2 protein chains.
Amino acid sequence: MTTASIRDHSRDQAMRKRAAAVIPGGMYGHQNVAAMPEGFPQFLERGRGSHIWDIDGNEYIDFMCSYGPILLGHAHPKVDAAAAAQQAEADCQNGPSSKMVELAELMVATIPHADWATFAKNGTDATTWCVTIARAATGRKKLLAAKGAYHGAAPWATPRLNGTTPEDRANIHYYTYNDLESVNAAVAEAGDDVAAIMVSPFRHDAGLDQELVDPAFARGVREICDRVGAALILDDVRAGFRLHMGGSWESVGVRPDLSAYSKAIANGYALAAVVGNDKFRDGVRQVFNTGSFWFAAVAMAASVAAIEAMKEEGAVEAMSTTGGLLRHGLATQAESYGLRVRQTGPVQMPFLTFADDTDYRKAMLFTGEAVKRGVYLHPRHNWFLSAAHTAEDIEQALEVTDVAFAEVRKVFGEG
Amino acid sequence: MTTASIRDHSRDQAMRKRAAAVIPGGMYGHQNVAAMPEGFPQFLERGRGSHIWDIDGNEYIDFMCSYGPILLGHAHPKVDAAAAAQQAEADCQNGPSSKMVELAELMVATIPHADWATFAKNGTDATTWCVTIARAATGRKKLLAAKGAYHGAAPWATPRLNGTTPEDRANIHYYTYNDLESVNAAVAEAGDDVAAIMVSPFRHDAGLDQELVDPAFARGVREICDRVGAALILDDVRAGFRLHMGGSWESVGVRPDLSAYSKAIANGYALAAVVGNDKFRDGVRQVFNTGSFWFAAVAMAASVAAIEAMKEEGAVEAMSTTGGLLRHGLATQAESYGLRVRQTGPVQMPFLTFADDTDYRKAMLFTGEAVKRGVYLHPRHNWFLSAAHTAEDIEQALEVTDVAFAEVRKVFGEG
């Protein structure tokens, strides 16, 4: 695996040509590999546990986990069996199935701050819904969000402004993550009109080093919300269930009023959720929100099975263990090559950056060398562990990253 | 079936109690049956062809088709087989599967105005995306939309304003459907800043009689868009593939620049699409838009199979035939009871209202009597036929509606 055998990507290349004719730019969004190093396949075919295969049959150890959704490994038998059993009865109907109630009960039982749950399809559905619930409940307009944080691709949130209008963000004031003074300044700016403060569980802005939450910041934001009567919204779309089964701020002892979930809650089946406390129950009732597939049963059956499996398998602990092995191994290797790297964020959602690499050239070379040898990392986005990753996977991946570090050292020298 | 045997809803009642504890209001959105007549189940269990079963085992002929998604009948064998085959390989991955390209090619081959396609999860994703593409392509801000039209549940579109802000609609000007003068007035109001005019294929506002498009209106709107350099956006989310495989305005000979699809495009699997012409290809590239599950392969495999099956089965024609039988039968029955009713919209998406029934009391009684006898209609929302409905289904349903009309006559008298 460590040998960069010449991998065949001819089917991928042919498919990219076909795609370019019928999909603008050939692909869009976060799964567009146009800006990725050579060797990253655009089209994938199969996943089993921690391994994936592209449409040319090349195999990879997967450290992106579909950008988060795959938490228990690809094609998890219990989750897929629950989904298939539900699919055999019905999925999208004139009303929900009883699985919706089971899932809401399970989320309420699992997440201490949750008194209720509602469901949608996209992470953006959930973050947007949290904001409208807060506005309805408080009768106020302003949202405070961290500069540079990703809360979805809707016009109010998308990181690229093309196609949006200034009015889409007219009611948003920005603070700096982990800087309580900046939150206070944003509150002052927004006057008496703060409906909600939205926080990420830790700073995971694309392309930057990650930054864990300062517990004093988390407590401070909670206090500000209580003082001004605003909702504290935790955007747990990306991290939910990877750090803590009870919500990603349980470890710092701070409970939000509303949390947005998606990505991993059904191990890859399309689902999003908002959970919240009883203070905001009436706000939910005031807001009309719905979607053609929001009540569909299969993803909910999958989610029930997935959350149960996460608990049974001790998924958080498993990812923490393998994530720790990976972090230690990478640190040791980088040091051995005299390369200064930063590994940031929780080990279940690792990210590695090189010193003096603002143009990502080292990261591009590193991940490009890795992918050629069957290890799927990302140069600019945090990675994801799953509970299916084994110590052997990490060992094999480290054999590859050792070669990749050697290449970085060769091309860029020490430092 | 015509006898209103006392149907057991005890499991549904028990499930509603459980739901009320963990879902605000017990349910939300368009599938909340709180305002529906007694006898409508909240929770459903199974679907086969044109028939559905609730969680108490009560059977219904389904004239809502999951509010649109089910176009070929529930659990269509070819669609479900294609989905299962894809699921056995992978669904949500680090990149799309080749099914995405196949589906984009199929939509481009099927819809004359489509030069490209992109995919998302909700109808609202698609309508919103159309607007941002138009804004990016034109460099303008204003959207024209019909008063009372439903284009989704996002803050800019939701019919209930709670939780939204005035700024969410600051760039929308409203016209009256089928009234070209009102479009011209809205254009004048918006000045030189019109990015797009959004149209429904016909007027299908909730609670009102439906209204087919006036071909002169469609041509006029197309001309206005061409004159002012705005995008003509067709919101085909609700009607797409039920009226015409090539887009719902093909029958009036008017082609939009951008169309939003969702609901029926994968026969119940969660998927949405935007298709458009080459004039707007670059606009798509400028807009960053994405979602965790937007590239997932199973719904795309289902959509390829569904679109092919629609063509093979002549689904549009089949729904047109059975829809015609239903409309004729209902008209004859209503007349025989001296009841004045209006049946409006295309026969594949029927709707019936009673004269002098602004409070829906007659409609509530009618649909309540029908559901008790196993025919699932809706008092305030248009209905949906599927290609799985047979002449026998229509005959059986008409036996039930005859009894329901008799009840309306008995309670409300003639007229």
# chains A, B, ... in the order shown; residues from 1 in each chain; ligands from 1
>>> closest_atom_pairs(of="chain B", to="chain A", cutoff="6 Å", atoms="only C-alpha atoms", output="JSON lines")
{"residue": "B:Ala19", "atom": "CA", "partner": "A:Val101", "partner_atom": "CA", "distance": 5.5}
{"residue": "B:Val22", "atom": "CA", "partner": "A:Trp116", "partner_atom": "CA", "distance": 4.2}
{"residue": "B:Ile23", "atom": "CA", "partner": "A:Trp116", "partner_atom": "CA", "distance": 5.2}
{"residue": "B:Pro24", "atom": "CA", "partner": "A:Arg281", "partner_atom": "CA", "distance": 5.6}
{"residue": "B:Gly29", "atom": "CA", "partner": "A:Thr290", "partner_atom": "CA", "distance": 4.6}
{"residue": "B:Gln31", "atom": "CA", "partner": "A:Gly95", "partner_atom": "CA", "distance": 5.3}
{"residue": "B:Gln42", "atom": "CA", "partner": "A:Gly95", "partner_atom": "CA", "distance": 5.8}
{"residue": "B:Phe43", "atom": "CA", "partner": "A:Ser97", "partner_atom": "CA", "distance": 5.1}
{"residue": "B:Leu44", "atom": "CA", "partner": "A:Ser97", "partner_atom": "CA", "distance": 5.2}
{"residue": "B:Glu45", "atom": "CA", "partner": "A:Ser97", "partner_atom": "CA", "distance": 5.8}
{"residue": "B:Arg46", "atom": "CA", "partner": "A:Glu89", "partner_atom": "CA", "distance": 4.7}
{"residue": "B:Gly47", "atom": "CA", "partner": "A:Ala90", "partner_atom": "CA", "distance": 5.6}
{"residue": "B:Ser66", "atom": "CA", "partner": "A:Asn94", "partner_atom": "CA", "distance": 4.1}
{"residue": "B:Glu89", "atom": "CA", "partner": "A:Arg46", "partner_atom": "CA", "distance": 4.7}
{"residue": "B:Ala90", "atom": "CA", "partner": "A:Arg46", "partner_atom": "CA", "distance": 4.9}
{"residue": "B:Cys92", "atom": "CA", "partner": "A:Gly268", "partner_atom": "CA", "distance": 5.5}
{"residue": "B:Gln93", "atom": "CA", "partner": "A:Ser66", "partner_atom": "CA", "distance": 4.4}
{"residue": "B:Asn94", "atom": "CA", "partner": "A:Ser66", "partner_atom": "CA", "distance": 4.1}
{"residue": "B:Gly95", "atom": "CA", "partner": "A:Gln31", "partner_atom": "CA", "distance": 5.3}
{"residue": "B:Pro96", "atom": "CA", "partner": "A:Phe43", "partner_atom": "CA", "distance": 5.3}
{"residue": "B:Ser97", "atom": "CA", "partner": "A:Phe43", "partner_atom": "CA", "distance": 5.1}
{"residue": "B:Val101", "atom": "CA", "partner": "A:Ala19", "partner_atom": "CA", "distance": 5.5}
{"residue": "B:Ala104", "atom": "CA", "partner": "A:Val22", "partner_atom": "CA", "distance": 5.9}
{"residue": "B:Trp116", "atom": "CA", "partner": "A:Val22", "partner_atom": "CA", "distance": 4.2}
{"residue": "B:Ala117", "atom": "CA", "partner": "A:Ile23", "partner_atom": "CA", "distance": 5.6}
{"residue": "B:Thr132", "atom": "CA", "partner": "A:Gly163", "partner_atom": "CA", "distance": 4.2}
{"residue": "B:Ile133", "atom": "CA", "partner": "A:Gly163", "partner_atom": "CA", "distance": 6.0}
{"residue": "B:Arg135", "atom": "CA", "partner": "A:Gly163", "partner_atom": "CA", "distance": 4.8}
{"residue": "B:Ala136", "atom": "CA", "partner": "A:Gly163", "partner_atom": "CA", "distance": 4.1}
{"residue": "B:Ala153", "atom": "CA", "partner": "A:Asn289", "partner_atom": "CA", "distance": 5.3}
{"residue": "B:Arg160", "atom": "CA", "partner": "A:Phe288", "partner_atom": "CA", "distance": 5.9}
{"residue": "B:Asn162", "atom": "CA", "partner": "A:Val287", "partner_atom": "CA", "distance": 5.4}
{"residue": "B:Gly163", "atom": "CA", "partner": "A:Ala136", "partner_atom": "CA", "distance": 4.1}
{"residue": "B:Glu167", "atom": "CA", "partner": "A:Glu167", "partner_atom": "CA", "distance": 5.5}
{"residue": "B:Gly268", "atom": "CA", "partner": "A:Cys92", "partner_atom": "CA", "distance": 5.5}
{"residue": "B:Ala270", "atom": "CA", "partner": "A:Phe293", "partner_atom": "CA", "distance": 5.7}
{"residue": "B:Arg281", "atom": "CA", "partner": "A:Pro24", "partner_atom": "CA", "distance": 5.6}
{"residue": "B:Val287", "atom": "CA", "partner": "A:Asn162", "partner_atom": "CA", "distance": 5.4}
{"residue": "B:Phe288", "atom": "CA", "partner": "A:Arg160", "partner_atom": "CA", "distance": 5.9}
{"residue": "B:Asn289", "atom": "CA", "partner": "A:Ala153", "partner_atom": "CA", "distance": 5.3}
{"residue": "B:Thr290", "atom": "CA", "partner": "A:Gly29", "partner_atom": "CA", "distance": 4.6}
{"residue": "B:Phe293", "atom": "CA", "partner": "A:Ala270", "partner_atom": "CA", "distance": 5.7}
>>> residues_around(residues="Lys372 in chain B", least_positions_apart="2", cutoff="12 Å", atoms="only C-alpha atoms", output="MDAnalysis selection string")
chainID B and resid 1:9 37:41 58:61 365:370 374:377 397 400:401 403:404
>>> write_last_selection(atoms="N, CA and C atoms", output="CSV table (one decimal), in the first residue's frame")
chain,number,residue,atom,x,y,z
B,1,MET,N,-66.6,-1.7,1.7
B,1,MET,CA,-65.8,-0.5,1.9
B,1,MET,C,-66.7,0.7,2.1
B,2,THR,N,-67.8,0.7,1.5
B,2,THR,CA,-68.7,1.9,1.6
B,2,THR,C,-69.3,2.0,3.0
B,3,THR,N,-69.4,0.9,3.7
B,3,THR,CA,-69.9,1.0,5.1
B,3,THR,C,-68.9,1.6,6.0
B,4,ALA,N,-69.3,2.5,6.8
B,4,ALA,CA,-68.3,3.1,7.8
B,4,ALA,C,-68.2,2.2,9.0
B,5,SER,N,-67.6,1.1,8.7
B,5,SER,CA,-67.4,0.2,9.9
B,5,SER,C,-66.6,1.0,10.9
B,6,ILE,N,-66.8,0.7,12.2
B,6,ILE,CA,-66.1,1.4,13.2
B,6,ILE,C,-64.6,1.0,13.1
B,7,ARG,N,-63.8,2.0,12.6
B,7,ARG,CA,-62.4,1.7,12.4
B,7,ARG,C,-61.7,1.9,13.7
B,8,ASP,N,-60.7,1.0,14.0
B,8,ASP,CA,-59.9,1.1,15.2
B,8,ASP,C,-58.8,2.1,15.0
B,9,HIS,N,-58.7,3.1,15.8
B,9,HIS,CA,-57.5,4.0,15.7
B,9,HIS,C,-56.8,4.1,17.1
B,37,PRO,N,-60.2,16.3,9.5
B,37,PRO,CA,-61.4,15.7,10.0
B,37,PRO,C,-61.0,14.4,10.9
B,38,GLU,N,-61.9,14.1,11.8
B,38,GLU,CA,-61.7,12.9,12.6
B,38,GLU,C,-61.6,11.7,11.6
B,39,GLY,N,-60.9,10.7,11.9
B,39,GLY,CA,-60.8,9.6,11.1
B,39,GLY,C,-59.5,9.6,10.3
B,40,PHE,N,-58.8,10.7,10.1
B,40,PHE,CA,-57.5,10.7,9.5
B,40,PHE,C,-56.5,10.2,10.4
B,41,PRO,N,-55.7,9.2,10.1
B,41,PRO,CA,-54.7,8.7,10.9
B,41,PRO,C,-53.5,9.7,10.9
B,58,ASN,N,-55.7,-0.1,9.2
B,58,ASN,CA,-56.8,0.3,8.3
B,58,ASN,C,-56.2,0.6,6.9
B,59,GLU,N,-57.0,0.2,5.9
B,59,GLU,CA,-56.5,0.4,4.5
B,59,GLU,C,-57.3,1.5,3.9
B,60,TYR,N,-56.6,2.2,3.0
B,60,TYR,CA,-57.1,3.4,2.3
B,60,TYR,C,-56.7,3.3,0.8
B,61,ILE,N,-57.6,3.7,-0.1
B,61,ILE,CA,-57.1,4.1,-1.4
B,61,ILE,C,-56.5,5.5,-1.3
B,365,LEU,N,-66.6,17.6,6.2
B,365,LEU,CA,-67.5,16.5,6.3
B,365,LEU,C,-67.3,15.5,5.2
B,366,PHE,N,-67.2,16.0,4.0
B,366,PHE,CA,-67.0,15.1,2.8
B,366,PHE,C,-65.8,14.2,2.9
B,367,THR,N,-64.6,14.8,3.2
B,367,THR,CA,-63.4,14.1,3.3
B,367,THR,C,-63.4,13.2,4.6
B,368,GLY,N,-64.0,13.7,5.6
B,368,GLY,CA,-64.1,12.9,6.8
B,368,GLY,C,-64.9,11.6,6.6
B,369,GLU,N,-66.1,11.8,5.9
B,369,GLU,CA,-66.9,10.6,5.6
B,369,GLU,C,-66.1,9.6,4.7
B,370,ALA,N,-65.3,10.2,3.8
B,370,ALA,CA,-64.6,9.4,2.8
B,370,ALA,C,-63.5,8.6,3.5
B,374,GLY,N,-62.3,4.5,3.9
B,374,GLY,CA,-61.1,4.0,3.2
B,374,GLY,C,-60.7,4.7,2.0
B,375,VAL,N,-61.1,6.0,1.9
B,375,VAL,CA,-60.7,6.8,0.7
B,375,VAL,C,-60.0,8.1,1.3
B,376,TYR,N,-58.7,8.2,1.0
B,376,TYR,CA,-57.9,9.2,1.6
B,376,TYR,C,-57.8,10.4,0.7
B,377,LEU,N,-58.6,11.5,0.9
B,377,LEU,CA,-58.6,12.7,0.2
B,377,LEU,C,-58.2,13.8,1.1
B,397,ALA,N,-63.5,4.1,-5.1
B,397,ALA,CA,-63.5,5.4,-4.5
B,397,ALA,C,-64.8,6.1,-4.7
B,400,VAL,N,-67.6,5.2,-2.4
B,400,VAL,CA,-67.4,5.9,-1.1
B,400,VAL,C,-67.8,7.4,-1.2
B,401,THR,N,-67.4,8.1,-2.3
B,401,THR,CA,-67.7,9.5,-2.4
B,401,THR,C,-69.2,9.7,-2.5
B,403,VAL,N,-71.5,8.1,-1.0
B,403,VAL,CA,-72.0,8.1,0.4
B,403,VAL,C,-71.6,9.4,1.1
B,404,ALA,N,-70.4,9.9,0.8
B,404,ALA,CA,-69.9,11.1,1.4
B,404,ALA,C,-70.7,12.3,0.9
>>> atom_distance(atom1="CA of Leu398 in chain A", atom2="CA of Gly57 in chain A")
22.1 Å
>>> select_by_dssp(residues="range 128-315 of chain B", states="helix (DSSP H, G or I)", output="JSON, numbers by chain")
{"B": [128, 129, 130, 131, 132, 133, 134, 135, 136, 137, 138, 166, 167, 168, 169, 180, 181, 182, 183, 184, 185, 186, 187, 188, 189, 190, 215, 216, 217, 218, 219, 220, 221, 222, 223, 224, 225, 226, 227, 228, 250, 251, 252, 263, 264, 265, 266, 278, 279, 280, 281, 282, 283, 284, 285, 286, 297, 298, 299, 300, 301, 302, 303, 304, 305, 306, 307, 308, 309, 310, 311, 312, 313, 315]}
>>> residues_around(residues="Ala266 in chain A", least_positions_apart="5", cutoff="8 Å", atoms="only C-alpha atoms", output="PyMOL selection string")
chain A and resi 69+79+271+299-300+302-307
>>> write_last_selection(atoms="N, CA and C atoms", output="PDB file, in the first residue's frame")
ATOM      1  N   PRO A  69     -21.002  12.121   7.868  1.00  0.00           N
ATOM      2  CA  PRO A  69     -22.155  11.243   8.116  1.00  0.00           C
ATOM      3  C   PRO A  69     -21.821   9.822   8.560  1.00  0.00           C
ATOM      4  N   VAL A  79     -27.552  -0.848  11.134  1.00  0.00           N
ATOM      5  CA  VAL A  79     -28.235   0.340  10.612  1.00  0.00           C
ATOM      6  C   VAL A  79     -28.894   0.014   9.274  1.00  0.00           C
ATOM      7  N   LEU A 271     -30.848  12.894   7.040  1.00  0.00           N
ATOM      8  CA  LEU A 271     -31.703  13.306   8.148  1.00  0.00           C
ATOM      9  C   LEU A 271     -31.059  14.489   8.863  1.00  0.00           C
ATOM     10  N   ALA A 299     -34.940   6.883   7.009  1.00  0.00           N
ATOM     11  CA  ALA A 299     -33.817   7.552   7.674  1.00  0.00           C
ATOM     12  C   ALA A 299     -34.025   7.591   9.188  1.00  0.00           C
ATOM     13  N   MET A 300     -35.285   7.655   9.614  1.00  0.00           N
ATOM     14  CA  MET A 300     -35.557   7.668  11.059  1.00  0.00           C
ATOM     15  C   MET A 300     -35.304   6.288  11.674  1.00  0.00           C
ATOM     16  N   ALA A 302     -33.186   4.208  10.492  1.00  0.00           N
ATOM     17  CA  ALA A 302     -31.725   4.106  10.489  1.00  0.00           C
ATOM     18  C   ALA A 302     -31.129   4.865  11.667  1.00  0.00           C
ATOM     19  N   SER A 303     -31.702   6.024  11.963  1.00  0.00           N
ATOM     20  CA  SER A 303     -31.166   6.845  13.046  1.00  0.00           C
ATOM     21  C   SER A 303     -31.350   6.171  14.404  1.00  0.00           C
ATOM     22  N   VAL A 304     -32.515   5.576  14.613  1.00  0.00           N
ATOM     23  CA  VAL A 304     -32.739   4.840  15.868  1.00  0.00           C
ATOM     24  C   VAL A 304     -31.678   3.749  16.018  1.00  0.00           C
ATOM     25  N   ALA A 305     -31.483   2.995  14.957  1.00  0.00           N
ATOM     26  CA  ALA A 305     -30.487   1.910  15.007  1.00  0.00           C
ATOM     27  C   ALA A 305     -29.076   2.462  15.182  1.00  0.00           C
ATOM     28  N   ALA A 306     -28.796   3.580  14.528  1.00  0.00           N
ATOM     29  CA  ALA A 306     -27.447   4.152  14.598  1.00  0.00           C
ATOM     30  C   ALA A 306     -27.135   4.663  16.006  1.00  0.00           C
ATOM     31  N   ILE A 307     -28.079   5.389  16.603  1.00  0.00           N
ATOM     32  CA  ILE A 307     -27.826   5.929  17.945  1.00  0.00           C
ATOM     33  C   ILE A 307     -27.669   4.787  18.950  1.00  0.00           C
TER      34      ILE A 307
END
